[in-house]
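First up is the structure itself, then whatever we jot down about it.
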Amino acid sequence: IFGYMYSELCAKCAEKFPEFKDETNPDAKPHTFKRLLLNKCQEEFEKENHIESVLSELPEDASEADREIVRKRAKSRMLGNIRFIGELYKQKMLTEKIMHECLIKLLGEVENPDEDEIECLCKLLHTIGKMIDHHKAKPHMDQYFVRMTEMSQNTNLANRLRFLLQEVIDLRRGNWVTRKADPNQKSASALERAGKGAAAAAKGGRGAA
């Protein structure tokens, strides 16, 4: 909800303050709000291994609990940024070309994909899928989803991430209409917990034998 609100605010700011002078260099070409926003979005999006870099700044004696808190905050910020970028596109503050560049980068490798990038990919497609998946873009979108299908079948990937990918694949098949939550349908995190529990039980059973 905040991503949508902030994107609306940015659209209004761009309209009300189309350009302004550089106070540090009055003779320079005026800045535009849209350009500054685009530069900041690009800077945030292109940060490599954002979560790992945040964790590396913690002291060596930081507890595992503290690391987990920092990791969750960094991940929340990362996903929030990608949602915000998607909402800016829906406000026509960012171009479709930029969105395709983002999707291509997030698709990464099929064999050894980055888990954080998969989550960002799914979050972005949830946000912009209905708008960007039109007739002219179909060849590109088809290619993206071929890769996503391959990734969803990668058994080396955590069940939770495979579930997220399949969820977006199903969403596209349903013309981007979000279905009401099925109380019998397990969430991605629930599937991951169930998988870990089953593995632990199997290991315990072998030990008892």
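The chains in the structure tokens are called A, B, ... from first to last as shown; in each chain the residues are counted from 1, and the ligands are counted from 1 in the order shown.
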
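Neighbours of Ile82 in chain A closer than or equal to 8 Å, with only C-alpha atoms counted and sequence neighbours fewer than 4 positions away skipped, come out as Phe45, Met78, Gly86, Cys120, Lys123 and Leu124 of chain A.
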
Would you list the contacts of Pro18 in chain A as an MDAnalysis selection string, taking every protein, DNA or RNA residue within 7 Å and counting only C-alpha atoms, but skipping same-chain residues closer than 3 positions in sequence? chainID A and resid 14:15 32:33

Same residues, C-alpha atoms, saved as a short mmCIF file (atom, residue, chain, number, x, y, z; two decimals), in the first residue's frame:
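The result, written out as result_35.cif:
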data_model
loop_
_atom_site.label_atom_id
_atom_site.label_comp_id
_atom_site.auth_asym_id
_atom_site.auth_seq_id
_atom_site.Cartn_x
_atom_site.Cartn_y
_atom_site.Cartn_z
CA ALA A 14 7.01 15.56 -10.91
CA GLU A 15 3.99 17.44 -12.21
CA THR A 32 14.25 17.40 -13.10
CA PHE A 33 12.46 15.54 -10.34
#

Helix (DSSP H, G or I) residues, from DSSP on the backbone, in chain A, as a PyMOL selection string: chain A and resi 2-16+33-45+50-56+64-90+96-107+115-132+138-152+159-173+188-208

Give me every strand (DSSP E) residue in range 12-49 of chain A, going by DSSP on the backbone, as a PyMOL selection string. chain A and resi 19-20+31-32

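Closest approach to Leu165 in chain A from the set A:Met5, A:Ala11, A:Met151, A:Leu107 is made by A:Met151, with distances taken over only C-alpha atoms.
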
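If you look at CA of Asp116 in chain A and CA of Ile51 in chain A, they are 8.6 Å away from each other.
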
Compare A:Trp176, A:Tyr6, A:Tyr144, A:Phe17 by their minimum atom-to-atom distance to Glu109 in chain A, counting only C-alpha atoms, and give me the closest one. A:Tyr144

Nearest to Glu117 in chain A: which of A:Cys102, A:Val168, A:Leu58, A:Val70 is it, counting only C-alpha atoms? A:Cys102

Which residues, written as a PyMOL selection string, have at least one atom at most 12 Å from Ile169 in chain A, with only C-alpha atoms counted and residues fewer than 2 positions away on the same chain left out? chain A and resi 121-122+125-126+129+141-142+144-152+162-167+171-178

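For the pair CA of Thr95 in chain A and CA of Ile118 in chain A, the interatomic distance is 21.8 Å.
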
Considering only C-alpha atoms, return as a list in words whatever protein or nucleic-acid residues lie within 12 Å of Lys92 in chain A, sequence-local ones (same chain, fewer than 6 positions apart) excluded. Ser7, Glu8, Cys10, Ala11, Lys12, Ala14, Glu15, Lys34, Leu38, Ile85, Gly86, Ile98, Met99, Ile128, Met131 and Ile132 of chain A

Please write the residues from the selection above to a file, keeping C-alpha atoms, as a PDB file, in the first residue's frame.
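Output saved as part13.pdb:
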ATOM      1  CA  SER A   7       4.387   6.485  -6.319  1.00  0.00           C
ATOM      2  CA  GLU A   8       1.308   8.721  -6.487  1.00  0.00           C
ATOM      3  CA  CYS A  10       6.128  11.180  -6.790  1.00  0.00           C
ATOM      4  CA  ALA A  11       3.874  11.580  -9.822  1.00  0.00           C
ATOM      5  CA  LYS A  12       2.325  14.704  -8.296  1.00  0.00           C
ATOM      6  CA  ALA A  14       7.007  15.561 -10.908  1.00  0.00           C
ATOM      7  CA  GLU A  15       3.988  17.438 -12.206  1.00  0.00           C
ATOM      8  CA  LYS A  34      11.851  12.611 -12.666  1.00  0.00           C
ATOM      9  CA  LEU A  38      15.148   7.569 -11.935  1.00  0.00           C
ATOM     10  CA  ILE A  85       9.721   0.692  -8.846  1.00  0.00           C
ATOM     11  CA  GLY A  86       6.781  -1.278 -10.200  1.00  0.00           C
ATOM     12  CA  ILE A  98      13.291   0.054 -18.020  1.00  0.00           C
ATOM     13  CA  MET A  99      10.907  -2.577 -16.646  1.00  0.00           C
ATOM     14  CA  ILE A 128       3.301  -4.812 -13.064  1.00  0.00           C
ATOM     15  CA  MET A 131       0.052  -3.755 -17.327  1.00  0.00           C
ATOM     16  CA  ILE A 132       3.221  -4.916 -19.070  1.00  0.00           C
TER      17      ILE A 132
END
